[in-house]
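Structure data (TSV, N, CA and C atoms) from query_25.tsv:
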```tsv
chain	number	residue	atom	x	y	z
A	1	MET	N	6.75	11.80	-12.57
A	1	MET	CA	6.22	10.61	-11.93
A	1	MET	C	5.06	11.02	-11.03
A	2	SER	N	4.01	10.22	-11.05
A	2	SER	CA	2.81	10.55	-10.29
A	2	SER	C	2.49	9.49	-9.24
A	3	VAL	N	3.45	8.66	-8.92
A	3	VAL	CA	3.33	7.71	-7.82
A	3	VAL	C	4.46	8.06	-6.85
A	4	PHE	N	4.08	8.46	-5.65
A	4	PHE	CA	5.06	8.93	-4.68
A	4	PHE	C	5.14	7.95	-3.51
A	5	THR	N	6.35	7.63	-3.09
A	5	THR	CA	6.53	6.75	-1.94
A	5	THR	C	7.48	7.41	-0.95
A	6	ASP	N	7.22	7.15	0.30
A	6	ASP	CA	8.15	7.56	1.34
A	6	ASP	C	7.96	6.66	2.56
A	7	LEU	N	8.97	6.63	3.40
A	7	LEU	CA	8.92	5.84	4.62
A	7	LEU	C	8.53	6.76	5.77
A	8	VAL	N	7.54	6.32	6.54
A	8	VAL	CA	7.08	7.09	7.69
A	8	VAL	C	7.07	6.17	8.90
A	9	GLU	N	6.80	6.75	10.05
A	9	GLU	CA	6.78	5.99	11.31
A	9	GLU	C	8.10	5.24	11.52
A	10	VAL	N	9.21	5.95	11.34
A	10	VAL	CA	10.56	5.43	11.56
A	10	VAL	C	10.80	4.16	10.72
A	11	GLY	N	10.38	4.21	9.47
A	11	GLY	CA	10.63	3.10	8.55
A	11	GLY	C	9.71	1.91	8.71
A	12	ARG	N	8.71	2.04	9.55
A	12	ARG	CA	7.79	0.92	9.77
A	12	ARG	C	6.59	0.96	8.83
A	13	VAL	N	6.41	2.08	8.13
A	13	VAL	CA	5.29	2.21	7.20
A	13	VAL	C	5.80	2.77	5.88
A	14	LEU	N	5.46	2.08	4.82
A	14	LEU	CA	5.73	2.56	3.46
A	14	LEU	C	4.47	3.27	2.98
A	15	ARG	N	4.58	4.57	2.75
A	15	ARG	CA	3.43	5.35	2.29
A	15	ARG	C	3.52	5.48	0.78
A	16	VAL	N	2.41	5.16	0.11
A	16	VAL	CA	2.33	5.25	-1.34
A	16	VAL	C	1.16	6.16	-1.69
A	17	GLU	N	1.40	7.15	-2.52
A	17	GLU	CA	0.32	8.05	-2.94
A	17	GLU	C	0.27	8.14	-4.45
A	18	PHE	N	-0.94	8.06	-4.97
A	18	PHE	CA	-1.18	8.15	-6.41
A	18	PHE	C	-1.80	9.50	-6.72
A	19	VAL	N	-1.26	10.16	-7.76
A	19	VAL	CA	-1.79	11.44	-8.21
A	19	VAL	C	-1.98	11.33	-9.72
A	20	GLU	N	-3.15	11.70	-10.20
A	20	GLU	CA	-3.42	11.64	-11.64
A	20	GLU	C	-2.60	12.69	-12.37
A	21	PRO	N	-2.15	12.39	-13.56
A	21	PRO	CA	-2.24	11.10	-14.25
A	21	PRO	C	-1.10	10.18	-13.79
A	22	TRP	N	-1.39	8.91	-13.63
A	22	TRP	CA	-0.38	7.93	-13.25
A	22	TRP	C	-0.63	6.68	-14.08
A	23	ASN	N	0.38	5.82	-14.12
A	23	ASN	CA	0.23	4.57	-14.85
A	23	ASN	C	0.91	3.45	-14.08
A	24	MET	N	0.62	2.23	-14.44
A	24	MET	CA	1.16	1.08	-13.73
A	24	MET	C	2.68	1.01	-13.83
A	25	GLY	N	3.23	1.46	-14.93
A	25	GLY	CA	4.69	1.45	-15.08
A	25	GLY	C	5.35	2.28	-13.99
A	26	GLU	N	4.77	3.42	-13.65
A	26	GLU	CA	5.31	4.25	-12.57
A	26	GLU	C	5.22	3.54	-11.23
A	27	PHE	N	4.11	2.85	-11.00
A	27	PHE	CA	3.95	2.13	-9.74
A	27	PHE	C	4.93	0.95	-9.68
A	28	ILE	N	5.02	0.20	-10.74
A	28	ILE	CA	5.92	-0.96	-10.78
A	28	ILE	C	7.38	-0.52	-10.58
A	29	ALA	N	7.72	0.67	-11.04
A	29	ALA	CA	9.08	1.18	-10.86
A	29	ALA	C	9.43	1.39	-9.39
A	30	THR	N	8.43	1.45	-8.50
A	30	THR	CA	8.70	1.62	-7.07
A	30	THR	C	8.97	0.30	-6.37
A	31	PHE	N	8.71	-0.81	-7.02
A	31	PHE	CA	8.83	-2.12	-6.37
A	31	PHE	C	10.25	-2.42	-5.88
A	32	PRO	N	11.30	-2.18	-6.68
A	32	PRO	CA	12.66	-2.51	-6.21
A	32	PRO	C	13.07	-1.77	-4.95
A	33	SER	N	12.76	-0.49	-4.83
A	33	SER	CA	13.15	0.24	-3.63
A	33	SER	C	12.34	-0.24	-2.42
A	34	ALA	N	11.08	-0.58	-2.63
A	34	ALA	CA	10.28	-1.13	-1.53
A	34	ALA	C	10.85	-2.46	-1.08
A	35	ARG	N	11.17	-3.32	-2.04
A	35	ARG	CA	11.73	-4.64	-1.72
A	35	ARG	C	13.06	-4.48	-0.97
A	36	ALA	N	13.88	-3.53	-1.37
A	36	ALA	CA	15.16	-3.30	-0.71
A	36	ALA	C	14.94	-2.91	0.75
A	37	HIS	N	13.95	-2.08	1.01
A	37	HIS	CA	13.67	-1.69	2.40
A	37	HIS	C	13.20	-2.91	3.21
A	38	PHE	N	12.29	-3.68	2.67
A	38	PHE	CA	11.82	-4.88	3.35
A	38	PHE	C	12.99	-5.81	3.67
A	39	ASP	N	13.92	-5.94	2.74
A	39	ASP	CA	15.07	-6.83	2.92
A	39	ASP	C	16.03	-6.33	4.00
A	40	GLN	N	16.11	-5.02	4.21
A	40	GLN	CA	17.10	-4.44	5.11
A	40	GLN	C	16.67	-4.37	6.57
A	41	VAL	N	15.38	-4.50	6.84
A	41	VAL	CA	14.92	-4.32	8.22
A	41	VAL	C	14.63	-5.65	8.90
A	42	ASN	N	14.53	-5.60	10.22
A	42	ASN	CA	14.24	-6.81	11.00
A	42	ASN	C	12.85	-6.75	11.63
A	43	HIS	N	11.99	-5.93	11.10
A	43	HIS	CA	10.64	-5.78	11.65
A	43	HIS	C	9.63	-5.78	10.50
A	44	GLN	N	8.37	-5.90	10.86
A	44	GLN	CA	7.33	-5.83	9.84
A	44	GLN	C	7.26	-4.42	9.27
A	45	VAL	N	6.94	-4.35	8.01
A	45	VAL	CA	6.72	-3.06	7.35
A	45	VAL	C	5.29	-3.06	6.84
A	46	HIS	N	4.52	-2.10	7.31
A	46	HIS	CA	3.14	-1.95	6.88
A	46	HIS	C	3.10	-0.99	5.70
A	47	ALA	N	1.97	-0.91	5.05
A	47	ALA	CA	1.83	0.02	3.92
A	47	ALA	C	0.60	0.89	4.14
A	48	LEU	N	0.72	2.14	3.76
A	48	LEU	CA	-0.38	3.09	3.77
A	48	LEU	C	-0.53	3.57	2.33
A	49	VAL	N	-1.64	3.23	1.71
A	49	VAL	CA	-1.86	3.53	0.30
A	49	VAL	C	-2.93	4.62	0.19
A	50	VAL	N	-2.52	5.79	-0.27
A	50	VAL	CA	-3.42	6.93	-0.40
A	50	VAL	C	-4.02	6.90	-1.80
A	51	MET	N	-5.33	6.61	-1.84
A	51	MET	CA	-6.01	6.41	-3.12
A	51	MET	C	-6.94	7.56	-3.49
A	52	SER	N	-6.97	8.61	-2.70
A	52	SER	CA	-7.90	9.71	-2.97
A	52	SER	C	-7.60	10.42	-4.29
A	53	GLY	N	-6.38	10.28	-4.81
A	53	GLY	CA	-6.02	10.91	-6.07
A	53	GLY	C	-6.28	10.04	-7.29
A	54	ILE	N	-6.92	8.88	-7.10
A	54	ILE	CA	-7.17	7.98	-8.23
A	54	ILE	C	-8.55	8.25	-8.79
A	55	THR	N	-8.60	8.54	-10.09
A	55	THR	CA	-9.89	8.80	-10.74
A	55	THR	C	-10.19	7.81	-11.87
A	56	ARG	N	-9.21	6.97	-12.20
A	56	ARG	CA	-9.42	6.01	-13.29
A	56	ARG	C	-8.58	4.77	-13.04
A	57	ASP	N	-8.88	3.71	-13.76
A	57	ASP	CA	-8.12	2.46	-13.63
A	57	ASP	C	-7.18	2.34	-14.82
A	58	PRO	N	-5.88	2.37	-14.57
A	58	PRO	CA	-4.94	2.24	-15.69
A	58	PRO	C	-4.88	0.80	-16.20
A	59	ASN	N	-4.38	0.65	-17.39
A	59	ASN	CA	-4.18	-0.70	-17.94
A	59	ASN	C	-3.28	-1.49	-17.00
A	60	GLY	N	-3.64	-2.75	-16.78
A	60	GLY	CA	-2.84	-3.62	-15.96
A	60	GLY	C	-2.98	-3.38	-14.47
A	61	VAL	N	-4.07	-2.76	-14.04
A	61	VAL	CA	-4.23	-2.36	-12.65
A	61	VAL	C	-4.09	-3.52	-11.67
A	62	LEU	N	-4.45	-4.73	-12.06
A	62	LEU	CA	-4.35	-5.85	-11.12
A	62	LEU	C	-2.91	-6.27	-10.84
A	63	ARG	N	-1.96	-5.69	-11.56
A	63	ARG	CA	-0.55	-5.98	-11.27
A	63	ARG	C	-0.10	-5.39	-9.93
A	64	PHE	N	-0.97	-4.58	-9.32
A	64	PHE	CA	-0.62	-4.04	-8.01
A	64	PHE	C	-0.32	-5.16	-7.02
A	65	ARG	N	-0.87	-6.34	-7.27
A	65	ARG	CA	-0.69	-7.49	-6.36
A	65	ARG	C	0.75	-7.96	-6.32
A	66	GLU	N	1.58	-7.55	-7.27
A	66	GLU	CA	2.98	-7.97	-7.31
A	66	GLU	C	3.87	-7.14	-6.37
A	67	HIS	N	3.31	-6.11	-5.75
A	67	HIS	CA	4.09	-5.26	-4.85
A	67	HIS	C	4.57	-6.08	-3.64
A	68	PRO	N	5.78	-5.83	-3.16
A	68	PRO	CA	6.31	-6.57	-2.00
A	68	PRO	C	5.43	-6.49	-0.75
A	69	SER	N	4.60	-5.47	-0.64
A	69	SER	CA	3.72	-5.34	0.52
A	69	SER	C	2.74	-6.50	0.65
A	70	PHE	N	2.58	-7.25	-0.42
A	70	PHE	CA	1.63	-8.36	-0.40
A	70	PHE	C	2.31	-9.73	-0.42
A	71	SER	N	3.64	-9.75	-0.54
A	71	SER	CA	4.30	-11.06	-0.66
A	71	SER	C	5.57	-11.22	0.18
A	72	HIS	N	6.17	-10.15	0.60
A	72	HIS	CA	7.44	-10.24	1.33
A	72	HIS	C	7.20	-10.81	2.73
A	73	PRO	N	8.13	-11.61	3.25
A	73	PRO	CA	7.96	-12.18	4.60
A	73	PRO	C	7.80	-11.12	5.70
A	74	ARG	N	8.31	-9.92	5.50
A	74	ARG	CA	8.18	-8.87	6.51
A	74	ARG	C	6.99	-7.94	6.25
A	75	ALA	N	6.17	-8.28	5.26
A	75	ALA	CA	5.00	-7.46	4.95
A	75	ALA	C	3.98	-7.56	6.07
A	76	GLY	N	3.53	-6.42	6.53
A	76	GLY	CA	2.51	-6.38	7.57
A	76	GLY	C	1.15	-6.08	6.99
A	77	TYR	N	0.42	-5.20	7.63
A	77	TYR	CA	-0.90	-4.80	7.16
A	77	TYR	C	-0.77	-3.73	6.09
A	78	THR	N	-1.72	-3.71	5.20
A	78	THR	CA	-1.82	-2.64	4.21
A	78	THR	C	-3.13	-1.91	4.48
A	79	VAL	N	-3.02	-0.61	4.63
A	79	VAL	CA	-4.19	0.22	4.89
A	79	VAL	C	-4.40	1.12	3.68
A	80	PHE	N	-5.58	1.04	3.11
A	80	PHE	CA	-5.96	1.86	1.96
A	80	PHE	C	-6.83	3.00	2.46
A	81	VAL	N	-6.51	4.21	2.03
A	81	VAL	CA	-7.31	5.36	2.46
A	81	VAL	C	-7.80	6.14	1.25
A	82	GLY	N	-9.03	6.66	1.39
A	82	GLY	CA	-9.59	7.51	0.34
A	82	GLY	C	-10.06	6.78	-0.90
A	83	ALA	N	-10.27	5.49	-0.82
A	83	ALA	CA	-10.70	4.72	-2.00
A	83	ALA	C	-12.20	4.87	-2.22
A	84	ASP	N	-12.60	5.11	-3.46
A	84	ASP	CA	-14.03	5.10	-3.76
A	84	ASP	C	-14.49	3.65	-3.92
A	85	ARG	N	-15.78	3.44	-4.12
A	85	ARG	CA	-16.32	2.07	-4.19
A	85	ARG	C	-15.70	1.25	-5.30
A	86	ARG	N	-15.50	1.86	-6.46
A	86	ARG	CA	-14.92	1.14	-7.59
A	86	ARG	C	-13.50	0.69	-7.28
A	87	ALA	N	-12.69	1.60	-6.75
A	87	ALA	CA	-11.30	1.26	-6.42
A	87	ALA	C	-11.26	0.19	-5.33
A	88	ARG	N	-12.14	0.31	-4.36
A	88	ARG	CA	-12.17	-0.68	-3.27
A	88	ARG	C	-12.52	-2.06	-3.82
A	89	LEU	N	-13.48	-2.13	-4.72
A	89	LEU	CA	-13.86	-3.41	-5.31
A	89	LEU	C	-12.69	-4.05	-6.07
A	90	ILE	N	-11.97	-3.25	-6.83
A	90	ILE	CA	-10.82	-3.75	-7.59
A	90	ILE	C	-9.74	-4.28	-6.63
A	91	VAL	N	-9.44	-3.51	-5.60
A	91	VAL	CA	-8.41	-3.91	-4.63
A	91	VAL	C	-8.84	-5.19	-3.92
A	92	GLU	N	-10.07	-5.23	-3.42
A	92	GLU	CA	-10.52	-6.42	-2.70
A	92	GLU	C	-10.51	-7.66	-3.59
A	93	THR	N	-10.91	-7.51	-4.83
A	93	THR	CA	-10.89	-8.64	-5.76
A	93	THR	C	-9.46	-9.12	-5.99
A	94	GLY	N	-8.55	-8.19	-6.26
A	94	GLY	CA	-7.15	-8.56	-6.48
A	94	GLY	C	-6.53	-9.24	-5.28
A	95	LEU	N	-6.82	-8.76	-4.10
A	95	LEU	CA	-6.23	-9.35	-2.90
A	95	LEU	C	-6.84	-10.71	-2.59
A	96	ARG	N	-8.12	-10.87	-2.88
A	96	ARG	CA	-8.74	-12.20	-2.70
A	96	ARG	C	-8.09	-13.22	-3.62
A	97	LEU	N	-7.74	-12.82	-4.82
A	97	LEU	CA	-7.12	-13.73	-5.79
A	97	LEU	C	-5.79	-14.28	-5.30
A	98	ILE	N	-5.07	-13.51	-4.48
A	98	ILE	CA	-3.78	-13.98	-3.97
A	98	ILE	C	-3.87	-14.42	-2.51
A	99	GLY	N	-5.05	-14.38	-1.93
A	99	GLY	CA	-5.24	-14.85	-0.56
A	99	GLY	C	-4.67	-13.92	0.49
A	100	PHE	N	-4.53	-12.65	0.18
A	100	PHE	CA	-3.99	-11.67	1.13
A	100	PHE	C	-5.16	-11.11	1.94
A	101	ARG	N	-5.06	-11.23	3.27
A	101	ARG	CA	-6.17	-10.81	4.13
A	101	ARG	C	-5.79	-9.74	5.15
A	102	ARG	N	-4.57	-9.28	5.11
A	102	ARG	CA	-4.13	-8.28	6.09
A	102	ARG	C	-4.28	-6.87	5.52
A	103	TYR	N	-5.51	-6.45	5.38
A	103	TYR	CA	-5.75	-5.11	4.86
A	103	TYR	C	-7.00	-4.50	5.48
A	104	GLU	N	-7.05	-3.19	5.41
A	104	GLU	CA	-8.19	-2.42	5.90
A	104	GLU	C	-8.41	-1.23	4.97
A	105	PHE	N	-9.61	-0.70	5.02
A	105	PHE	CA	-9.93	0.54	4.32
A	105	PHE	C	-10.37	1.56	5.35
A	106	HIS	N	-9.90	2.80	5.17
A	106	HIS	CA	-10.33	3.91	6.02
A	106	HIS	C	-10.63	5.10	5.12
A	107	PRO	N	-11.58	5.93	5.53
A	107	PRO	CA	-11.93	7.07	4.67
A	107	PRO	C	-10.84	8.14	4.58
A	108	THR	N	-10.06	8.30	5.65
A	108	THR	CA	-9.06	9.38	5.65
A	108	THR	C	-7.68	8.85	6.01
A	109	GLU	N	-6.68	9.60	5.61
A	109	GLU	CA	-5.30	9.24	5.95
A	109	GLU	C	-5.06	9.31	7.45
A	110	VAL	N	-5.68	10.25	8.12
A	110	VAL	CA	-5.52	10.37	9.57
A	110	VAL	C	-5.98	9.07	10.25
A	111	GLU	N	-7.15	8.57	9.86
A	111	GLU	CA	-7.66	7.33	10.45
A	111	GLU	C	-6.78	6.14	10.10
A	112	GLY	N	-6.30	6.09	8.87
A	112	GLY	CA	-5.42	5.00	8.46
A	112	GLY	C	-4.11	5.00	9.24
A	113	ARG	N	-3.53	6.18	9.43
A	113	ARG	CA	-2.28	6.28	10.20
A	113	ARG	C	-2.49	5.86	11.65
A	114	GLU	N	-3.62	6.26	12.23
A	114	GLU	CA	-3.91	5.87	13.60
A	114	GLU	C	-4.01	4.35	13.73
A	115	SER	N	-4.66	3.71	12.78
A	115	SER	CA	-4.77	2.25	12.80
A	115	SER	C	-3.40	1.60	12.74
A	116	LEU	N	-2.54	2.10	11.88
A	116	LEU	CA	-1.19	1.53	11.77
A	116	LEU	C	-0.36	1.81	13.02
A	117	ARG	N	-0.52	2.98	13.59
A	117	ARG	CA	0.22	3.27	14.83
A	117	ARG	C	-0.16	2.31	15.95
A	118	ARG	N	-1.45	1.99	16.05
A	118	ARG	CA	-1.89	1.01	17.06
A	118	ARG	C	-1.26	-0.35	16.80
A	119	ARG	N	-1.21	-0.77	15.54
A	119	ARG	CA	-0.58	-2.06	15.19
A	119	ARG	C	0.90	-2.05	15.56
A	120	ILE	N	1.59	-0.98	15.23
A	120	ILE	CA	3.02	-0.88	15.53
A	120	ILE	C	3.24	-0.92	17.04
A	121	GLN	N	2.42	-0.21	17.76
A	121	GLN	CA	2.55	-0.20	19.22
A	121	GLN	C	2.33	-1.61	19.79
A	122	ASP	N	1.38	-2.34	19.25
A	122	ASP	CA	1.12	-3.72	19.71
A	122	ASP	C	2.30	-4.65	19.41
A	123	GLU	N	3.06	-4.35	18.36
A	123	GLU	CA	4.20	-5.20	17.97
A	123	GLU	C	5.40	-5.01	18.90
A	124	GLN	N	5.48	-3.87	19.56
A	124	GLN	CA	6.68	-3.54	20.34
A	124	GLN	C	6.58	-4.00	21.77
```

Show me this structure written as structure tokens.
Amino acid sequence: MSVFTDLVEVGRVLRVEFVEPWNMGEFIATFPSARAHFDQVNHQVHALVVMSGITRDPNGVLRFREHPSFSHPRAGYTVFVGADRRARLIVETGLRLIGFRRYEFHPTEVEGRESLRRRIQDEQ
């Protein structure tokens, strides 16, 4: 599997990392565990999506919009890091189609994590 997920910031951030080669089936397979975490907590869960390992667009790439991070009632901000211009355009287009506006892009994971830490601190 080339799509890795883990919970960071004491379960307040779902980190997703893509490493080539990967496919949408691998990403979609992570949806149930993400949804289960969202269902179990009483706080917002943000997402940190590491895109620096993406070099191509797999078939069905716009299905990323089905992830719970964009639809669950406890979904917070999604921060994308390391996206090139092409990946950023695809993500922004997909999110506009579903009306999701709680996202940011940062060049590095360090900057993305700092942004999410500030949001989490503001929530407490």

May I ask which of the residues A:Thr30, A:Asp6, A:Glu20, A:Asp122 is the closest one to A:His67, counting only N, CA and C atoms?
-> A:Thr30

Hey, can you pull every residue with an atom no more than 7 Å from (14.3, 0.1, 7.2), using all atoms listed in the file, and send it as a ChimeraX atom specification?
-> /A:10-12,37-38,40-42

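Separating atom C of A:Phe100 from atom CA of A:Arg113 is a distance of 19.5 Å.
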
For stretch 76-91 of chain A, list every protein, DNA or RNA residue within 9 Å, evaluated using only C-alpha atoms, and leave out those in the same chain fewer than 6 positions away; present the list as number ranges by chain.
-> A: 44-57, 61-62, 64-65, 69-70, 101-113, 115-116, 119

Interatomic distance between atom CA of A:Glu26 and atom N of A:Met1?
->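 Interatomic distance, atom CA of A:Glu26 to atom N of A:Met1: 7.7 Å.
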
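Atom pair atom C of A:Gln121 / atom N of A:Ala36 has a distance of 24.2 Å (rounded to one decimal).
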
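Of the listed residues A:Val3, A:Val13, A:Glu66, A:Asp39, the one whose atoms come nearest to A:Gly94 is A:Glu66, with distances taken using only C-alpha atoms.
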
Backbone-only DSSP, strand (DSSP E) members of stretch 5-50 of chain A, as a list in words = Thr5, Asp6, Leu7, Val8, Val13, Leu14, Arg15, Val16, Glu17, Phe18, Val45, His46, Ala47, Leu48, Val49 and Val50 of chain A

Enumerate the residues of chain A with a DSSP assignment of alpha helix (DSSP H), computed from the backbone, and present them as a ChimeraX atom specification.
-> /A:24-28,31-40,85-98,109-123

Long-range neighbours of A:Thr5 as a VMD selection string, 6 Å cut-off, all atoms listed in the file, 3 positions minimum in chain = chain A and resid 15 to 17

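Distances to A:Arg117 were evaluated for A:Ile28, A:Ala75, A:Val8, A:Ile98 using only C-alpha atoms, and the minimum falls at A:Val8.
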
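Counting all atoms listed in the file, the residue from A:His43, A:Asn59, A:Pro21, A:Ser2 that sits nearest to A:Arg74 is A:His43.
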
At the level of C-alpha atoms, write stretch 24-121 of chain A to a file as a compact mmCIF listing (two decimals), in the first residue's frame, please.
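Saved to decode-v4.txt:
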```
# COMPACT_ATOMS: atom_id res chain seq x y z
CA MET A 24 -7.38 5.59 -5.83
CA GLY A 25 -8.40 2.15 -4.58
CA GLU A 26 -5.69 2.37 -1.91
CA PHE A 27 -6.86 5.83 -0.88
CA ILE A 28 -10.54 4.84 -0.84
CA ALA A 29 -9.63 1.87 1.38
CA THR A 30 -8.63 4.40 4.09
CA PHE A 31 -12.08 6.02 4.22
CA PRO A 32 -13.73 3.59 6.71
CA SER A 33 -11.01 3.96 9.36
CA ALA A 34 -11.05 7.75 8.95
CA ARG A 35 -14.84 7.81 9.27
CA ALA A 36 -14.64 5.62 12.39
CA HIS A 37 -12.25 8.08 14.03
CA PHE A 38 -14.47 11.05 13.16
CA ASP A 39 -17.45 9.17 14.64
CA GLN A 40 -15.65 8.35 17.90
CA VAL A 41 -14.41 11.80 18.91
CA ASN A 42 -16.16 14.88 20.27
CA HIS A 43 -13.90 17.44 18.62
CA GLN A 44 -13.03 18.61 15.14
CA VAL A 45 -10.55 16.52 13.22
CA HIS A 46 -8.35 18.33 10.74
CA ALA A 47 -6.43 16.70 7.91
CA LEU A 48 -2.83 17.09 6.80
CA VAL A 49 -2.34 15.77 3.27
CA VAL A 50 1.28 15.26 2.20
CA MET A 51 1.34 15.50 -1.58
CA SER A 52 5.08 15.80 -2.23
CA GLY A 53 5.18 12.12 -3.25
CA ILE A 54 2.57 12.54 -6.00
CA THR A 55 3.95 12.56 -9.54
CA ARG A 56 0.88 11.55 -11.55
CA ASP A 57 -2.91 11.63 -11.46
CA PRO A 58 -4.45 8.18 -11.04
CA ASN A 59 -7.73 7.22 -12.66
CA GLY A 60 -10.67 8.54 -10.69
CA VAL A 61 -8.61 11.18 -8.88
CA LEU A 62 -11.64 13.41 -8.25
CA ARG A 63 -13.07 10.72 -5.97
CA PHE A 64 -10.84 12.19 -3.27
CA ARG A 65 -13.82 14.45 -2.52
CA GLU A 66 -15.64 11.46 -0.98
CA HIS A 67 -13.20 11.34 1.96
CA PRO A 68 -14.83 12.05 5.36
CA SER A 69 -12.49 15.03 5.81
CA PHE A 70 -14.70 16.92 3.39
CA SER A 71 -18.15 15.81 4.53
CA HIS A 72 -18.22 14.62 8.14
CA PRO A 73 -19.81 16.99 10.71
CA ARG A 74 -16.56 16.94 12.74
CA ALA A 75 -14.35 17.67 9.72
CA GLY A 76 -12.18 20.70 10.29
CA TYR A 77 -9.59 22.28 8.02
CA THR A 78 -7.63 20.31 5.47
CA VAL A 79 -4.07 21.42 4.86
CA PHE A 80 -2.30 20.23 1.72
CA VAL A 81 1.49 20.31 1.71
CA GLY A 82 4.01 19.82 -1.06
CA ALA A 83 1.50 20.05 -3.92
CA ASP A 84 2.77 21.11 -7.32
CA ARG A 85 0.68 23.45 -9.50
CA ARG A 86 -1.08 20.64 -11.33
CA ALA A 87 -2.06 18.82 -8.13
CA ARG A 88 -3.19 22.09 -6.54
CA LEU A 89 -5.41 22.89 -9.52
CA ILE A 90 -7.04 19.44 -9.37
CA VAL A 91 -7.65 19.70 -5.62
CA GLU A 92 -9.02 23.24 -5.81
CA THR A 93 -11.35 22.30 -8.67
CA GLY A 94 -12.63 19.22 -6.84
CA LEU A 95 -13.25 21.13 -3.63
CA ARG A 96 -15.02 23.96 -5.44
CA LEU A 97 -17.38 21.39 -6.97
CA ILE A 98 -18.53 20.31 -3.50
CA GLY A 99 -18.42 23.77 -1.94
CA PHE A 100 -15.68 22.92 0.56
CA ARG A 101 -13.76 26.04 1.58
CA ARG A 102 -11.87 25.02 4.70
CA TYR A 103 -8.51 24.29 3.15
CA GLU A 104 -5.04 25.74 2.75
CA PHE A 105 -1.88 24.94 0.84
CA HIS A 106 1.60 25.16 2.33
CA PRO A 107 4.93 24.34 0.70
CA THR A 108 6.23 22.19 3.56
CA GLU A 109 4.85 19.82 6.15
CA VAL A 110 6.42 21.89 8.93
CA GLU A 111 4.43 24.96 7.84
CA GLY A 112 1.24 22.93 7.44
CA ARG A 113 1.58 21.42 10.92
CA GLU A 114 2.16 24.85 12.43
CA SER A 115 -1.01 26.16 10.79
CA LEU A 116 -3.02 23.27 12.18
CA ARG A 117 -1.51 23.64 15.64
CA ARG A 118 -2.63 27.29 15.71
CA ARG A 119 -6.16 26.23 14.71
CA ILE A 120 -6.25 23.54 17.40
CA GLN A 121 -5.00 25.99 20.00
```
